[in-house]
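As stored in work_9.cif (mmCIF, C-alpha atoms):
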data_final
loop_
_atom_site.label_atom_id
_atom_site.label_comp_id
_atom_site.auth_asym_id
_atom_site.auth_seq_id
_atom_site.Cartn_x
_atom_site.Cartn_y
_atom_site.Cartn_z
CA MET A 1 57.23 -6.52 13.50
CA PRO A 2 58.87 -6.08 16.93
CA PRO A 3 56.95 -7.90 19.71
CA TRP A 4 56.79 -4.82 21.98
CA ILE A 5 54.61 -2.97 19.46
CA LEU A 6 51.72 -5.31 20.24
CA VAL A 7 51.30 -3.71 23.67
CA PRO A 8 50.45 -0.14 22.55
CA ALA A 9 48.52 -1.56 19.59
CA GLY A 10 46.40 -3.63 21.96
CA LEU A 11 45.81 -0.59 24.18
CA ALA A 12 44.73 1.39 21.13
CA VAL A 13 42.20 -1.30 20.22
CA ALA A 14 40.92 -1.27 23.80
CA VAL A 15 40.46 2.52 23.70
CA LEU A 16 38.38 2.14 20.54
CA VAL A 17 36.38 -0.96 21.43
CA LEU A 18 35.74 -0.85 25.19
CA PRO A 19 33.49 2.26 25.22
CA LEU A 20 31.31 0.78 22.48
CA ALA A 21 31.23 -2.58 24.23
CA ALA A 22 30.19 -0.90 27.48
CA LEU A 23 27.37 0.87 25.63
CA LEU A 24 26.11 -2.40 24.17
CA LEU A 25 26.31 -4.17 27.54
CA ARG A 26 24.35 -1.40 29.23
CA LEU A 27 21.60 -1.47 26.63
CA ASP A 28 18.34 -3.10 27.67
CA TRP A 29 17.71 -5.06 24.49
CA ALA A 30 14.15 -5.90 25.47
CA SER A 31 13.24 -2.21 25.51
CA VAL A 32 14.95 -1.35 22.22
CA PRO A 33 11.88 -1.76 19.97
CA ALA A 34 9.71 0.44 22.19
CA ALA A 35 12.47 3.02 22.64
CA VAL A 36 13.26 3.28 18.94
CA THR A 37 9.60 3.52 17.94
CA SER A 38 8.69 6.19 20.50
CA PRO A 39 7.37 9.46 19.00
CA ALA A 40 10.39 11.46 20.18
CA ALA A 41 12.83 8.94 18.71
CA LEU A 42 10.99 8.71 15.41
CA ASP A 43 10.83 12.50 15.11
CA ALA A 44 14.56 12.81 15.78
CA LEU A 45 15.39 9.96 13.40
CA GLY A 46 13.17 11.28 10.62
CA LEU A 47 14.53 14.81 10.94
CA SER A 48 18.11 13.53 10.93
CA LEU A 49 17.61 11.41 7.84
CA VAL A 50 15.85 14.17 5.91
CA THR A 51 18.28 16.94 6.79
CA ALA A 52 21.35 14.73 6.31
CA THR A 53 20.09 13.69 2.88
CA ILE A 54 19.48 17.29 1.83
CA ALA A 55 22.84 18.38 3.21
CA THR A 56 24.58 15.56 1.34
CA ALA A 57 22.87 16.59 -1.91
CA VAL A 58 24.01 20.18 -1.38
CA CYS A 59 27.54 18.97 -0.66
CA VAL A 60 27.60 16.98 -3.91
CA VAL A 61 26.34 19.93 -5.95
CA LEU A 62 28.87 22.32 -4.41
CA GLY A 63 31.70 19.99 -3.46
CA VAL A 64 32.34 18.26 -6.80
CA PRO A 65 32.99 21.55 -8.66
CA LEU A 66 35.15 22.79 -5.78
CA ALA A 67 37.18 19.58 -5.77
CA PHE A 68 37.59 19.86 -9.55
CA VAL A 69 38.89 23.43 -9.22
CA VAL A 70 41.29 22.42 -6.43
CA ALA A 71 42.63 19.44 -8.38
CA ARG A 72 43.14 21.37 -11.61
CA SER A 73 44.48 24.66 -10.19
CA SER A 74 48.11 25.68 -9.83
CA ARG A 75 49.90 24.63 -6.67
CA PRO A 76 49.57 27.95 -4.75
CA VAL A 77 45.88 28.34 -5.58
CA ALA A 78 45.18 24.69 -4.80
CA ALA A 79 46.95 25.00 -1.44
CA VAL A 80 44.79 27.96 -0.43
CA LEU A 81 41.55 26.33 -1.57
CA ARG A 82 42.46 23.03 0.06
CA THR A 83 43.16 24.77 3.36
CA LEU A 84 39.85 26.63 3.25
CA SER A 85 37.86 23.55 2.29
CA THR A 86 39.33 21.41 5.06
CA LEU A 87 39.21 24.06 7.78
CA PRO A 88 35.89 22.79 9.26
CA LEU A 89 37.63 19.45 9.92
CA VAL A 90 40.01 20.99 12.45
CA LEU A 91 37.69 23.62 13.91
CA PRO A 92 35.70 22.66 17.01
CA PRO A 93 32.05 22.22 15.95
CA LEU A 94 30.96 24.89 18.42
CA VAL A 95 33.18 27.39 16.65
CA GLY A 96 31.42 26.49 13.42
CA GLY A 97 28.06 27.21 15.06
CA ILE A 98 29.27 30.59 16.30
CA ALA A 99 30.63 31.40 12.84
CA LEU A 100 27.30 30.56 11.23
CA LEU A 101 25.50 32.78 13.73
CA ALA A 102 27.95 35.58 12.94
CA LEU A 103 27.06 35.18 9.27
CA LEU A 104 23.32 34.51 9.32
CA GLY A 105 22.21 35.47 12.82
CA ARG A 106 19.89 38.41 13.46
CA THR A 107 22.88 40.72 13.97
CA GLY A 108 25.14 38.77 11.60
CA LEU A 109 26.77 39.81 8.37
CA PHE A 110 23.81 38.79 6.20
CA GLY A 111 21.25 38.05 8.89
CA GLY A 112 19.96 41.60 9.13
CA ALA A 113 19.34 41.81 5.39
CA LEU A 114 17.52 38.49 5.43
CA GLU A 115 15.38 39.62 8.35
CA ALA A 116 14.36 42.68 6.32
CA PHE A 117 12.88 40.32 3.72
CA GLY A 118 11.14 38.28 6.39
CA LEU A 119 13.63 35.39 6.23
CA ARG A 120 14.95 33.92 9.47
CA VAL A 121 17.55 31.18 9.23
CA PRO A 122 18.81 30.44 12.78
CA PHE A 123 16.82 27.98 14.89
CA THR A 124 14.99 26.53 11.91
CA THR A 125 15.25 23.26 10.01
CA THR A 126 17.11 25.15 7.30
CA ALA A 127 19.75 26.01 9.89
CA VAL A 128 20.19 22.29 10.60
CA VAL A 129 20.89 21.63 6.91
CA ILE A 130 23.34 24.53 6.70
CA ALA A 131 25.23 23.37 9.81
CA GLN A 132 25.42 19.81 8.51
CA THR A 133 26.62 21.04 5.12
CA PHE A 134 29.32 23.17 6.72
CA VAL A 135 30.84 20.29 8.69
CA ALA A 136 30.34 17.55 6.07
CA LEU A 137 31.47 19.30 2.89
CA PRO A 138 35.22 18.74 3.51
CA PHE A 139 34.77 14.95 3.45
CA LEU A 140 33.35 15.10 -0.06
CA VAL A 141 35.92 17.60 -1.34
CA ILE A 142 38.87 15.59 -0.01
CA SER A 143 37.60 12.31 -1.46
CA VAL A 144 36.76 13.72 -4.89
CA GLU A 145 39.96 15.74 -5.14
CA GLY A 146 42.02 12.66 -4.36
CA ALA A 147 40.14 10.69 -7.01
CA LEU A 148 40.70 13.45 -9.58
CA ARG A 149 44.43 13.58 -8.90
CA THR A 150 44.68 9.79 -9.11
CA ALA A 151 42.80 9.70 -12.41
CA GLY A 152 45.01 12.38 -13.93
CA THR A 153 44.20 14.24 -17.13
CA GLY A 154 45.35 11.77 -19.79
CA PHE A 155 41.93 10.48 -20.82
CA GLU A 156 40.47 13.97 -20.71
CA SER A 157 43.21 15.24 -23.01
CA VAL A 158 42.60 12.44 -25.50
CA ALA A 159 38.86 13.12 -25.54
CA ALA A 160 39.43 16.83 -26.01
CA GLY A 161 41.88 16.10 -28.82
CA LEU A 162 39.19 14.06 -30.56
CA GLY A 163 36.87 17.05 -30.51
CA ALA A 164 34.77 16.46 -27.41
CA ARG A 165 33.47 19.57 -25.70
CA ARG A 166 34.48 20.38 -22.14
CA PHE A 167 31.14 19.51 -20.59
CA THR A 168 31.04 16.27 -22.57
CA VAL A 169 34.52 15.38 -21.32
CA PHE A 170 33.46 16.14 -17.75
CA ARG A 171 30.24 14.11 -18.04
CA ARG A 172 31.48 11.14 -20.09
CA ILE A 173 35.12 10.86 -18.94
CA THR A 174 35.79 12.63 -15.65
CA LEU A 175 32.71 11.63 -13.65
CA PRO A 176 32.96 7.89 -14.48
CA LEU A 177 36.66 7.90 -13.58
CA ILE A 178 36.03 9.47 -10.17
CA GLY A 179 32.87 7.44 -9.51
CA PRO A 180 34.31 5.31 -6.66
CA GLY A 181 35.82 8.38 -4.97
CA LEU A 182 32.57 10.30 -5.38
CA LEU A 183 30.61 7.43 -3.85
CA ALA A 184 33.01 7.16 -0.92
CA GLY A 185 32.90 10.91 -0.32
CA THR A 186 29.11 10.94 -0.50
CA VAL A 187 28.79 8.12 2.03
CA LEU A 188 31.24 9.76 4.44
CA CYS A 189 29.49 13.10 3.94
CA PHE A 190 26.11 11.61 4.82
CA ALA A 191 27.48 9.86 7.90
CA ARG A 192 29.12 13.06 9.14
CA ALA A 193 25.96 15.08 8.55
CA LEU A 194 23.89 12.47 10.38
CA GLY A 195 26.13 12.68 13.45
CA GLU A 196 26.57 16.46 13.53
CA PHE A 197 25.93 17.99 16.97
CA GLY A 198 27.95 21.05 18.01
CA ALA A 199 27.31 23.49 15.16
CA THR A 200 23.66 22.41 15.00
CA ALA A 201 23.13 22.97 18.73
CA LEU A 202 24.39 26.57 18.57
CA PHE A 203 23.05 27.61 15.18
CA ALA A 204 19.78 25.66 14.99
CA GLY A 205 18.87 25.06 18.62
CA ASN A 206 17.14 22.03 20.09
CA ALA A 207 13.44 22.34 19.31
CA ALA A 208 11.56 19.03 19.18
CA GLY A 209 10.27 18.25 15.71
CA THR A 210 12.09 21.20 14.15
CA THR A 211 15.79 21.08 14.96
CA ARG A 212 16.22 18.18 17.41
CA THR A 213 18.21 15.63 15.43
CA MET A 214 19.38 12.26 16.76
CA PRO A 215 22.56 13.58 18.45
CA LEU A 216 20.57 16.37 20.08
CA ALA A 217 17.92 13.89 21.24
CA ILE A 218 20.65 11.82 22.87
CA TYR A 219 22.08 14.91 24.58
CA THR A 220 18.62 16.00 25.72
CA ALA A 221 17.91 12.59 27.24
CA PHE A 222 21.05 12.61 29.36
CA ASN A 223 20.20 16.07 30.63
CA GLY A 224 16.88 14.88 32.03
CA ALA A 225 14.44 16.14 29.42
CA GLY A 226 12.70 14.82 26.32
CA VAL A 227 13.26 11.17 25.50
CA SER A 228 14.23 8.59 28.13
CA GLU A 229 17.75 7.31 28.74
CA ASP A 230 16.86 3.96 27.16
CA THR A 231 15.80 5.82 24.02
CA ALA A 232 19.08 7.76 24.05
CA ILE A 233 21.08 4.54 24.25
CA ALA A 234 18.95 3.01 21.51
CA LEU A 235 19.56 6.04 19.30
CA SER A 236 23.25 5.73 20.04
CA LEU A 237 23.06 2.13 18.87
CA MET A 238 21.37 3.29 15.67
CA LEU A 239 24.18 5.76 15.00
CA ILE A 240 26.71 2.98 15.55
CA VAL A 241 24.82 0.82 13.05
CA VAL A 242 24.97 3.66 10.52
CA ALA A 243 28.70 4.03 11.09
CA VAL A 244 29.25 0.29 10.60
CA ALA A 245 27.17 0.42 7.41
CA VAL A 246 29.36 3.25 6.14
CA LEU A 247 32.49 1.22 6.81
CA LEU A 248 31.01 -1.79 5.02
CA VAL A 249 30.15 0.32 1.99
CA MET A 250 33.66 1.75 1.97
CA ARG A 251 35.18 -1.73 2.26
CA GLY A 252 33.02 -3.06 -0.57
CA TRP A 253 34.04 -0.12 -2.77
CA ARG A 254 37.73 -0.73 -2.12
CA GLU A 255 37.46 -4.44 -2.85
CA ASP A 256 35.61 -3.76 -6.12
CA THR A 257 38.22 -1.20 -7.09
CA ALA A 258 41.03 -3.65 -6.33
CA ARG A 259 39.47 -6.20 -8.69
#
Is it possible to give me this structure as structure tokens?
Amino acid sequence: MPPWILVPAGLAVAVLVLPLAALLLRLDWASVPAAVTSPAALDALGLSLVTATIATAVCVVLGVPLAFVVARSSRPVAAVLRTLSTLPLVLPPLVGGIALLALLGRTGLFGGALEAFGLRVPFTTTAVVIAQTFVALPFLVISVEGALRTAGTGFESVAAGLGARRFTVFRRITLPLIGPGLLAGTVLCFARALGEFGATALFAGNAAGTTRTMPLAIYTAFNGAGVSEDTAIALSLMLIVVAVAVLLVMRGWREDTAR
């Protein structure tokens, strides 16, 4: 390793670590318990956990079949599906919120028909789940597709040759083989849903107790309304803790897989 490479590497570490260190140094640790247990913080935390859990479950139900189709399709079809499934990763979150409004808003593609049946999606808790699902689904699809391609089709072919039905092969062979990848994708999916902000702000709004998740509570605090700044910093700390927990889970999975 050339010695000069340590300089940009050190600067990269500083870019990643210094903002988080500044946040921790600014935090009034004595006020953390009161800030975290305030009604506004608890409402935001509870809503975030519930909606992120539901969104993750939806992503698993929809994402695993999609990843299976992508992994087992021909190269042109797989390329198209992979591009579509990863598009939310490169789109600005605000664009995702506008797209969801164009689809399910009052004047959207399906919004008018839903309104005729008395169903309103935007600016509801359901809209939060939909926005989180939209931005988090690619993480699950990418992880599961990679696990499927790594596992290959050898064991599935042997099971099919022995007379196992397709669903039996999928349940008894495929799912156990991709278990670590599915777990990693699920954890990343949950973490992304928990931290979603842009699409939720546009599509679901910022109503306390209904659509104000943790990221929105932090944004509201620094704009002079809702929870205090200490609560916003405490919530930021909680999100950091969640992110660290995700990394620890991922590290543990990789070490178990290596063994």
* Could you tell me, as a PyMOL selection string, which residues have any atom at most 10 Å from (25.2, 20.5, 1.4), counting all atoms listed in the file? -> chain A and resi 51-63+129-137+140+189-190+193
* Identify which of the residues A:Ala201, A:Arg171, A:Leu148, A:Ala232 lies closest to Leu101 (chain A), counting all atoms listed in the file when measuring atom-to-atom distances. =>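 Of the candidates, the smallest distance to Leu101 (chain A) is held by A:Ala201.
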* **Distance of CA of Ala245 (chain A) from CA of Leu11 (chain A), expressed in Å to one decimal place** =>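 Atom-to-atom, CA of Leu11 (chain A) and CA of Ala245 (chain A) are spaced 25.1 Å apart.
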* Asked: the PyMOL selection byres ((chain A and resi 28) around 12) on the file shown: which residues, as a ChimeraX atom specification?
  -> /A:23-27,29-36,229-234,237
* Report as a list of chain:residue names the full result of the PyMOL selection byres ((chain A and resi 76-92) around 10) when it is applied to this structure. =>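 What the PyMOL selection byres ((chain A and resi 76-92) around 10) grabs from the file is A:Gly63, A:Leu66, A:Ala67, A:Val69, A:Val70, A:Ala71, A:Arg72, A:Ser73, A:Ser74, A:Arg75, A:Pro93, A:Leu94, A:Val95, A:Gly96, A:Gly97, A:Phe134, A:Val135, A:Ala136, A:Leu137, A:Pro138, A:Phe139, A:Leu140, A:Val141, A:Ile142, A:Glu145, A:Gly198, A:Ala199.
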* Tell me which residues the PyMOL selection byres ((chain A and resi 203-210) around 9) grabs here, as a PyMOL selection string. => chain A and resi 40+43-44+47+94+96-101+105+121-128+131+198-202+211-213+216-217+220+226
Go ahead and fit an axis-aligned box to every listed atom of region 39-49 of chain A plus 4 Å each side, and pass me the centre and edge lengths in Å, one decimal, as JSON.
{"center_x": 12.7, "center_y": 11.8, "center_z": 14.0, "size_x": 18.7, "size_y": 14.1, "size_z": 20.3}
* Nearest to Phe197 (chain A), chosen from A:Tyr219, A:Phe68, A:Phe170, A:Phe155, with all atoms listed in the file counted in the distances -> A:Tyr219
* Calculate how many Å separate CA of Leu235 (chain A) from CA of Leu45 (chain A), rounding to one decimal. => 8.2 Å
* **CA of Leu182 (chain A) to CA of Gly46 (chain A), straight-line distance in Å** =>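 Between CA of Gly46 (chain A) and CA of Leu182 (chain A) the gap is 25.2 Å.
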* For each of A:Val144, A:Leu162, A:Ala191, A:Val7, take the minimum atom-to-atom distance to Leu175 (chain A), counting all atoms listed in the file, then give the residue where this is smallest. =>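 Ranking A:Val144, A:Leu162, A:Ala191, A:Val7 by distance to Leu175 (chain A), first place goes to A:Val144.
Closest to Ala147 (chain A) among A:Val17, A:Leu6, A:Ala221, A:Val64 is A:Val64, based on all atoms listed in the file.
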